[in-house]
$ cat entry.cif   # mmCIF, C-alpha atoms and all ligand atoms
data_model
#
loop_
_atom_site.group_PDB
_atom_site.id
_atom_site.type_symbol
_atom_site.label_atom_id
_atom_site.label_comp_id
_atom_site.auth_asym_id
_atom_site.auth_seq_id
_atom_site.Cartn_x
_atom_site.Cartn_y
_atom_site.Cartn_z
ATOM 1 C CA MET A 1 -1.608 -69.586 -41.355
ATOM 2 C CA LYS A 2 -1.483 -68.855 -37.657
ATOM 3 C CA LEU A 3 -1.274 -65.199 -36.811
ATOM 4 C CA PRO A 4 0.783 -63.852 -33.942
ATOM 5 C CA THR A 5 -2.181 -63.072 -31.716
ATOM 6 C CA MET A 6 -0.370 -60.536 -29.576
ATOM 7 C CA ALA A 7 1.116 -58.619 -32.483
ATOM 8 C CA GLU A 8 2.663 -55.377 -31.408
ATOM 9 C CA VAL A 9 0.671 -52.224 -31.833
ATOM 10 C CA LEU A 10 1.705 -49.834 -34.589
ATOM 11 C CA SER A 11 4.782 -47.730 -34.006
ATOM 12 C CA ALA A 12 4.120 -44.035 -33.429
ATOM 13 C CA GLU A 13 5.410 -43.296 -36.929
ATOM 14 C CA GLU A 14 3.235 -45.954 -38.571
ATOM 15 C CA ARG A 15 0.177 -44.756 -36.643
ATOM 16 C CA GLN A 16 0.701 -41.109 -37.624
ATOM 17 C CA ALA A 17 1.262 -41.978 -41.269
ATOM 18 C CA VAL A 18 -1.949 -44.013 -41.424
ATOM 19 C CA LEU A 19 -3.890 -41.293 -39.633
ATOM 20 C CA ASN A 20 -2.545 -38.634 -41.976
ATOM 21 C CA TYR A 21 -3.671 -40.738 -44.915
ATOM 22 C CA THR A 22 -7.166 -41.646 -43.682
ATOM 23 C CA THR A 23 -7.826 -38.162 -42.317
ATOM 24 C CA GLY A 24 -6.788 -36.751 -45.678
ATOM 25 C CA CYS A 25 -9.294 -39.025 -47.420
ATOM 26 C CA PHE A 26 -12.140 -38.231 -44.992
ATOM 27 C CA VAL A 27 -14.620 -35.845 -46.617
ATOM 28 C CA LEU A 28 -16.958 -35.201 -43.663
ATOM 29 C CA PRO A 29 -16.387 -32.441 -41.076
ATOM 30 C CA ALA A 30 -13.814 -33.093 -38.362
ATOM 31 C CA HIS A 31 -16.572 -33.154 -35.728
ATOM 32 C CA SER A 32 -18.463 -35.923 -37.565
ATOM 33 C CA PRO A 33 -19.558 -38.773 -35.263
ATOM 34 C CA HIS A 34 -17.791 -41.038 -37.746
ATOM 35 C CA GLY A 35 -14.572 -39.030 -37.803
ATOM 36 C CA PRO A 36 -11.131 -39.208 -36.212
ATOM 37 C CA LYS A 37 -12.322 -38.859 -32.605
ATOM 38 C CA HIS A 38 -14.547 -41.901 -33.110
ATOM 39 C CA TRP A 39 -11.604 -43.741 -34.667
ATOM 40 C CA GLN A 40 -9.517 -43.112 -31.546
ATOM 41 C CA ARG A 41 -12.229 -44.467 -29.273
ATOM 42 C CA VAL A 42 -12.614 -47.550 -31.488
ATOM 43 C CA ARG A 43 -8.849 -48.053 -31.169
ATOM 44 C CA HIS A 44 -9.070 -47.660 -27.404
ATOM 45 C CA ASN A 45 -11.995 -50.092 -27.141
ATOM 46 C CA GLY A 46 -10.310 -52.587 -29.430
ATOM 47 C CA LEU A 47 -6.996 -52.629 -27.608
ATOM 48 C CA LEU A 48 -8.811 -53.126 -24.300
ATOM 49 C CA LEU A 49 -10.817 -56.019 -25.715
ATOM 50 C CA ALA A 50 -7.715 -57.545 -27.317
ATOM 51 C CA GLU A 51 -6.271 -58.247 -23.883
ATOM 52 C CA ALA A 52 -9.111 -60.746 -23.377
ATOM 53 C CA THR A 53 -9.851 -61.881 -26.922
ATOM 54 C CA GLY A 54 -6.281 -62.272 -28.155
ATOM 55 C CA ALA A 55 -7.106 -60.169 -31.209
ATOM 56 C CA ASN A 56 -4.282 -59.042 -33.451
ATOM 57 C CA ARG A 57 -3.676 -55.541 -32.153
ATOM 58 C CA ARG A 58 -2.141 -54.233 -35.366
ATOM 59 C CA VAL A 59 -5.307 -55.163 -37.269
ATOM 60 C CA VAL A 60 -7.460 -53.638 -34.520
ATOM 61 C CA GLU A 61 -5.626 -50.317 -34.799
ATOM 62 C CA LEU A 62 -5.729 -50.271 -38.584
ATOM 63 C CA PHE A 63 -9.429 -51.124 -38.571
ATOM 64 C CA ALA A 64 -10.098 -48.204 -36.226
ATOM 65 C CA PHE A 65 -8.452 -45.751 -38.608
ATOM 66 C CA PHE A 66 -9.807 -47.120 -41.904
ATOM 67 C CA HIS A 67 -13.293 -48.494 -41.209
ATOM 68 C CA ASP A 68 -15.279 -45.217 -41.444
ATOM 69 C CA SER A 69 -12.751 -43.168 -43.385
ATOM 70 C CA CYS A 70 -14.737 -43.418 -46.641
ATOM 71 C CA ARG A 71 -18.111 -42.361 -45.320
ATOM 72 C CA GLU A 72 -19.725 -39.868 -47.660
ATOM 73 C CA THR A 73 -22.507 -38.888 -45.258
ATOM 74 C CA ASP A 74 -23.257 -39.293 -41.557
ATOM 75 C CA GLY A 75 -26.641 -40.679 -42.602
ATOM 76 C CA TRP A 76 -27.416 -43.849 -44.551
ATOM 77 C CA ASP A 77 -24.246 -45.000 -46.321
ATOM 78 C CA ILE A 78 -24.301 -48.787 -46.534
ATOM 79 C CA GLU A 79 -21.328 -48.943 -48.920
ATOM 80 C CA HIS A 80 -18.831 -47.145 -46.704
ATOM 81 C CA GLY A 81 -17.416 -50.416 -45.326
ATOM 82 C CA PRO A 82 -16.536 -51.832 -48.753
ATOM 83 C CA ARG A 83 -15.101 -48.432 -49.751
ATOM 84 C CA GLY A 84 -12.966 -48.467 -46.579
ATOM 85 C CA ALA A 85 -11.691 -51.908 -47.572
ATOM 86 C CA GLU A 86 -10.786 -50.568 -51.012
ATOM 87 C CA LEU A 87 -8.862 -47.730 -49.376
ATOM 88 C CA VAL A 88 -6.918 -50.293 -47.324
ATOM 89 C CA LEU A 89 -6.029 -52.115 -50.553
ATOM 90 C CA ALA A 90 -4.994 -48.861 -52.235
ATOM 91 C CA TYR A 91 -2.703 -47.992 -49.318
ATOM 92 C CA HIS A 92 -1.282 -51.504 -49.406
ATOM 93 C CA ALA A 93 -0.716 -51.236 -53.173
ATOM 94 C CA GLU A 94 1.456 -48.198 -52.513
ATOM 95 C CA GLY A 95 3.567 -50.392 -50.232
ATOM 96 C CA LEU A 96 2.615 -48.355 -47.190
ATOM 97 C CA LEU A 97 0.363 -50.603 -45.103
ATOM 98 C CA PRO A 98 2.228 -51.818 -41.987
ATOM 99 C CA ALA A 99 0.678 -55.295 -42.056
ATOM 100 C CA SER A 100 1.468 -58.817 -43.199
ATOM 101 C CA ASP A 101 -0.566 -60.473 -45.948
ATOM 102 C CA ALA A 102 -2.566 -62.404 -43.328
ATOM 103 C CA GLU A 103 -3.223 -59.190 -41.388
ATOM 104 C CA LEU A 104 -4.280 -57.466 -44.615
ATOM 105 C CA ASP A 105 -6.835 -60.211 -45.281
ATOM 106 C CA LEU A 106 -8.369 -59.807 -41.814
ATOM 107 C CA LEU A 107 -8.417 -56.026 -42.098
ATOM 108 C CA VAL A 108 -10.198 -56.078 -45.449
ATOM 109 C CA ILE A 109 -12.850 -58.507 -44.186
ATOM 110 C CA ALA A 110 -13.350 -56.455 -41.023
ATOM 111 C CA CYS A 111 -13.770 -53.163 -42.887
ATOM 112 C CA ARG A 112 -15.942 -54.605 -45.637
ATOM 113 C CA GLY A 113 -18.438 -56.287 -43.308
ATOM 114 C CA HIS A 114 -18.535 -54.050 -40.276
ATOM 115 C CA THR A 115 -21.981 -52.540 -40.837
ATOM 116 C CA VAL A 116 -23.907 -55.348 -42.482
ATOM 117 C CA GLU A 117 -22.606 -58.495 -40.835
ATOM 118 C CA ARG A 118 -23.706 -59.654 -37.440
ATOM 119 C CA THR A 119 -20.700 -61.578 -36.088
ATOM 120 C CA HIS A 120 -17.584 -63.460 -37.139
ATOM 121 C CA ALA A 121 -15.784 -66.577 -35.918
ATOM 122 C CA ASP A 122 -12.373 -64.917 -36.145
ATOM 123 C CA ALA A 123 -11.480 -63.263 -32.836
ATOM 124 C CA THR A 124 -9.699 -60.316 -34.450
ATOM 125 C CA ILE A 125 -12.597 -59.455 -36.757
ATOM 126 C CA ALA A 126 -15.115 -59.921 -33.933
ATOM 127 C CA THR A 127 -13.027 -57.629 -31.721
ATOM 128 C CA CYS A 128 -12.928 -54.937 -34.414
ATOM 129 C CA TRP A 129 -16.695 -54.971 -34.799
ATOM 130 C CA ASP A 130 -17.304 -54.884 -31.043
ATOM 131 C CA ALA A 131 -14.838 -52.009 -30.619
ATOM 132 C CA ASP A 132 -16.918 -50.008 -33.103
ATOM 133 C CA ARG A 133 -20.305 -50.992 -31.627
ATOM 134 C CA LEU A 134 -19.232 -50.098 -28.085
ATOM 135 C CA ASP A 135 -19.012 -46.475 -29.279
ATOM 136 C CA LEU A 136 -22.672 -46.333 -30.416
ATOM 137 C CA PRO A 137 -23.811 -44.174 -27.468
ATOM 138 C CA ARG A 138 -22.131 -41.219 -29.223
ATOM 139 C CA VAL A 139 -25.067 -41.202 -31.650
ATOM 140 C CA GLY A 140 -27.703 -41.866 -28.986
ATOM 141 C CA ILE A 141 -27.871 -45.648 -29.352
ATOM 142 C CA THR A 142 -27.644 -47.789 -26.218
ATOM 143 C CA VAL A 143 -25.372 -50.784 -26.708
ATOM 144 C CA ASP A 144 -27.307 -54.056 -26.804
ATOM 145 C CA PRO A 145 -25.107 -57.017 -25.795
ATOM 146 C CA ALA A 146 -27.111 -59.182 -28.180
ATOM 147 C CA TYR A 147 -25.413 -57.331 -31.031
ATOM 148 C CA LEU A 148 -21.905 -57.790 -29.690
ATOM 149 C CA CYS A 149 -19.688 -60.647 -30.824
ATOM 150 C CA THR A 150 -17.271 -61.332 -27.960
ATOM 151 C CA ASP A 151 -17.823 -62.200 -24.324
ATOM 152 C CA ALA A 152 -15.248 -59.559 -23.419
ATOM 153 C CA ALA A 153 -17.373 -56.791 -24.939
ATOM 154 C CA LYS A 154 -20.593 -58.055 -23.332
ATOM 155 C CA ASP A 155 -19.186 -57.376 -19.859
ATOM 156 C CA VAL A 156 -21.406 -54.738 -18.209
ATOM 157 C CA THR A 157 -18.426 -52.753 -16.942
ATOM 158 C CA VAL A 158 -16.814 -52.707 -20.382
ATOM 159 C CA ILE A 159 -20.077 -51.480 -21.940
ATOM 160 C CA ARG A 160 -20.582 -48.831 -19.255
ATOM 161 C CA GLU A 161 -17.036 -47.480 -19.432
ATOM 162 C CA ALA A 162 -17.160 -47.306 -23.235
ATOM 163 C CA GLU A 163 -20.475 -45.478 -22.954
ATOM 164 C CA VAL A 164 -18.910 -42.891 -20.620
ATOM 165 C CA ARG A 165 -16.119 -42.267 -23.148
ATOM 166 C CA ALA A 166 -18.612 -42.074 -26.025
ATOM 167 C CA LEU A 167 -20.906 -39.627 -24.225
ATOM 168 C CA ALA A 168 -17.999 -37.434 -23.161
ATOM 169 C CA SER A 169 -17.440 -36.799 -26.861
ATOM 170 C CA ARG A 170 -20.811 -35.142 -27.391
HETATM 171 FE FE FE B 1 -19.037 -47.702 -40.100
HETATM 172 FE FE FE B 2 -17.428 -46.715 -36.781
#
$ encode --input "entry.cif" --output "structure tokens"
Amino acid sequence: MKLPTMAEVLSAEERQAVLNYTTGCFVLPAHSPHGPKHWQRVRHNGLLLAEATGANRRVVELFAFFHDSCRETDGWDIEHGPRGAELVLAYHAEGLLPASDAELDLLVIACRGHTVERTHADATIATCWDADRLDLPRVGITVDPAYLCTDAAKDVTVIREAEVRALASR
């Protein structure tokens, strides 16, 4: 099935409802480097990249808000991606997820694999993972283009500007 690559972003109401839900599920402190401020920068990065990659912007936004929402610690927590995917499915089961079935599939794959998988052939999933990795300077890690998936994210200006946003958060 071919996805509408330039899917509209979430409506303000959809975005707030998702944020209320994921923030309510988040057990770490609000200032966590994996918390809502990080989610907003991942959204920002992802929507910028989507202009070049053609990523589905609805999936990019939903990934930003769900991907780290089930972290149980800011340290080693290799299972938080799969737990985030399960939270997506739970929200969908309640009939609340503003996404098509095809978008749901992409979102689940993106959340589940975002920490352990290197890259993905699907442009939307690759864009989600790059949007997250571009925010690594917030935890003192310099972005290495070798670990980015898309050409759009490997652009030196894109990396530098994301780094400025990430460092401003500290
Ligand atoms: Fe994560
Ligand atoms: Fe993240």
$ closest_residue --input "entry.cif" --among "A:Arg118, A:His92, A:Arg112, A:His44" --to "ligand FE 1 (chain B)" --atoms "only C-alpha atoms and all ligand atoms"
A:Arg112
$ resolve_selection --input "entry.cif" --expression "the PyMOL selection byres (((chain A and resi 24) around 12) and not hetatm)" --output "number ranges by chain"
A: 16-23, 25-30, 35-36, 65-66, 69-70, 87
$ closest_residue --input "entry.cif" --among "A:Arg165, A:Arg58, A:Arg133, A:Arg138" --to "ligand FE 2 (chain B)" --atoms "only C-alpha atoms and all ligand atoms"
A:Arg133
$ axis_aligned_box --input "entry.cif" --around "stretch 52-56 of chain A" --padding-each-side "4 Å" --output "AutoDock Vina command-line options"
--center_x -7.1 --center_y -60.7 --center_z -28.4 --size_x 13.6 --size_y 11.2 --size_z 18.1
$ resolve_selection --input "entry.cif" --expression "the PyMOL selection byres (((chain A and resi 143-147) around 8) and not hetatm)" --output "list in words"
Arg118, Arg133, Leu134, Leu136, Pro137, Ile141, Thr142, Leu148, Cys149, Ala153, Lys154 and Ile159 of chain A
$ atom_distance --input "entry.cif" --atom1 "atom CA of A:Cys128" --atom2 "atom CA of A:Gly46"
6.1 Å
$ resolve_selection --input "entry.cif" --expression "the PyMOL selection byres (((chain A and resi 80) around 12) and not hetatm)" --output "VMD selection string"
chain A and resid 26 34 66 to 79 81 to 87 111 to 116
$ build_atoms --input "entry.cif" --residues "stretch 77-109 of chain A" --atoms "N, CA and C atoms" --output "mmCIF file, keeping the file's coordinate frame"
data_model
loop_
_atom_site.group_PDB
_atom_site.id
_atom_site.type_symbol
_atom_site.label_atom_id
_atom_site.label_comp_id
_atom_site.auth_asym_id
_atom_site.auth_seq_id
_atom_site.Cartn_x
_atom_site.Cartn_y
_atom_site.Cartn_z
ATOM 1 N N ASP A 77 -25.372 -44.842 -45.389
ATOM 2 C CA ASP A 77 -24.246 -45.000 -46.321
ATOM 3 C C ASP A 77 -23.746 -46.439 -46.204
ATOM 4 N N ILE A 78 -24.527 -47.362 -46.740
ATOM 5 C CA ILE A 78 -24.301 -48.787 -46.534
ATOM 6 C C ILE A 78 -23.013 -49.270 -47.202
ATOM 7 N N GLU A 79 -22.502 -48.505 -48.169
ATOM 8 C CA GLU A 79 -21.328 -48.943 -48.920
ATOM 9 C C GLU A 79 -20.012 -48.431 -48.331
ATOM 10 N N HIS A 80 -20.077 -47.738 -47.188
ATOM 11 C CA HIS A 80 -18.831 -47.145 -46.704
ATOM 12 C C HIS A 80 -17.834 -48.194 -46.213
ATOM 13 N N GLY A 81 -18.328 -49.355 -45.759
ATOM 14 C CA GLY A 81 -17.416 -50.416 -45.326
ATOM 15 C C GLY A 81 -16.600 -50.969 -46.489
ATOM 16 N N PRO A 82 -17.280 -51.387 -47.575
ATOM 17 C CA PRO A 82 -16.536 -51.832 -48.753
ATOM 18 C C PRO A 82 -15.583 -50.760 -49.307
ATOM 19 N N ARG A 83 -16.011 -49.485 -49.274
ATOM 20 C CA ARG A 83 -15.101 -48.432 -49.751
ATOM 21 C C ARG A 83 -13.879 -48.321 -48.838
ATOM 22 N N GLY A 84 -14.095 -48.485 -47.518
ATOM 23 C CA GLY A 84 -12.966 -48.467 -46.579
ATOM 24 C C GLY A 84 -11.997 -49.603 -46.872
ATOM 25 N N ALA A 85 -12.539 -50.766 -47.213
ATOM 26 C CA ALA A 85 -11.691 -51.908 -47.572
ATOM 27 C C ALA A 85 -10.877 -51.611 -48.823
ATOM 28 N N GLU A 86 -11.508 -50.940 -49.786
ATOM 29 C CA GLU A 86 -10.786 -50.568 -51.012
ATOM 30 C C GLU A 86 -9.670 -49.578 -50.701
ATOM 31 N N LEU A 87 -9.908 -48.687 -49.747
ATOM 32 C CA LEU A 87 -8.862 -47.730 -49.376
ATOM 33 C C LEU A 87 -7.679 -48.461 -48.724
ATOM 34 N N VAL A 88 -7.977 -49.454 -47.900
ATOM 35 C CA VAL A 88 -6.918 -50.293 -47.324
ATOM 36 C C VAL A 88 -6.070 -50.897 -48.443
ATOM 37 N N LEU A 89 -6.744 -51.458 -49.458
ATOM 38 C CA LEU A 89 -6.029 -52.115 -50.553
ATOM 39 C C LEU A 89 -5.204 -51.112 -51.356
ATOM 40 N N ALA A 90 -5.744 -49.901 -51.509
ATOM 41 C CA ALA A 90 -4.994 -48.861 -52.235
ATOM 42 C C ALA A 90 -3.730 -48.471 -51.463
ATOM 43 N N TYR A 91 -3.863 -48.351 -50.160
ATOM 44 C CA TYR A 91 -2.703 -47.992 -49.318
ATOM 45 C C TYR A 91 -1.664 -49.112 -49.355
ATOM 46 N N HIS A 92 -2.170 -50.337 -49.315
ATOM 47 C CA HIS A 92 -1.282 -51.504 -49.406
ATOM 48 C C HIS A 92 -0.569 -51.531 -50.760
ATOM 49 N N ALA A 93 -1.298 -51.209 -51.825
ATOM 50 C CA ALA A 93 -0.716 -51.236 -53.173
ATOM 51 C C ALA A 93 0.420 -50.232 -53.317
ATOM 52 N N GLU A 94 0.368 -49.183 -52.506
ATOM 53 C CA GLU A 94 1.456 -48.198 -52.513
ATOM 54 C C GLU A 94 2.639 -48.662 -51.662
ATOM 55 N N GLY A 95 2.493 -49.855 -51.057
ATOM 56 C CA GLY A 95 3.567 -50.392 -50.232
ATOM 57 C C GLY A 95 3.660 -49.751 -48.862
ATOM 58 N N LEU A 96 2.566 -49.142 -48.417
ATOM 59 C CA LEU A 96 2.615 -48.355 -47.190
ATOM 60 C C LEU A 96 1.945 -49.017 -45.990
ATOM 61 N N LEU A 97 1.130 -50.029 -46.217
ATOM 62 C CA LEU A 97 0.363 -50.603 -45.103
ATOM 63 C C LEU A 97 1.277 -51.428 -44.193
ATOM 64 N N PRO A 98 1.354 -51.075 -42.905
ATOM 65 C CA PRO A 98 2.228 -51.818 -41.987
ATOM 66 C C PRO A 98 1.539 -53.088 -41.489
ATOM 67 N N ALA A 99 1.381 -54.056 -42.384
ATOM 68 C CA ALA A 99 0.678 -55.295 -42.056
ATOM 69 C C ALA A 99 1.175 -56.422 -42.947
ATOM 70 N N SER A 100 1.134 -57.631 -42.407
ATOM 71 C CA SER A 100 1.468 -58.817 -43.199
ATOM 72 C C SER A 100 0.298 -59.133 -44.138
ATOM 73 N N ASP A 101 0.524 -60.081 -45.046
ATOM 74 C CA ASP A 101 -0.566 -60.473 -45.948
ATOM 75 C C ASP A 101 -1.753 -61.034 -45.164
ATOM 76 N N ALA A 102 -1.478 -61.830 -44.133
ATOM 77 C CA ALA A 102 -2.566 -62.404 -43.328
ATOM 78 C C ALA A 102 -3.314 -61.305 -42.580
ATOM 79 N N GLU A 103 -2.580 -60.320 -42.076
ATOM 80 C CA GLU A 103 -3.223 -59.190 -41.388
ATOM 81 C C GLU A 103 -4.053 -58.364 -42.370
ATOM 82 N N LEU A 104 -3.531 -58.188 -43.577
ATOM 83 C CA LEU A 104 -4.280 -57.466 -44.615
ATOM 84 C C LEU A 104 -5.615 -58.153 -44.885
ATOM 85 N N ASP A 105 -5.597 -59.479 -45.005
ATOM 86 C CA ASP A 105 -6.835 -60.211 -45.281
ATOM 87 C C ASP A 105 -7.872 -59.954 -44.187
ATOM 88 N N LEU A 106 -7.442 -60.026 -42.930
ATOM 89 C CA LEU A 106 -8.369 -59.807 -41.814
ATOM 90 C C LEU A 106 -8.912 -58.378 -41.830
ATOM 91 N N LEU A 107 -8.034 -57.439 -42.097
ATOM 92 C CA LEU A 107 -8.417 -56.026 -42.098
ATOM 93 C C LEU A 107 -9.460 -55.736 -43.177
ATOM 94 N N VAL A 108 -9.252 -56.296 -44.342
ATOM 95 C CA VAL A 108 -10.198 -56.078 -45.449
ATOM 96 C C VAL A 108 -11.562 -56.670 -45.105
ATOM 97 N N ILE A 109 -11.571 -57.875 -44.564
ATOM 98 C CA ILE A 109 -12.850 -58.507 -44.186
ATOM 99 C C ILE A 109 -13.545 -57.682 -43.103
#
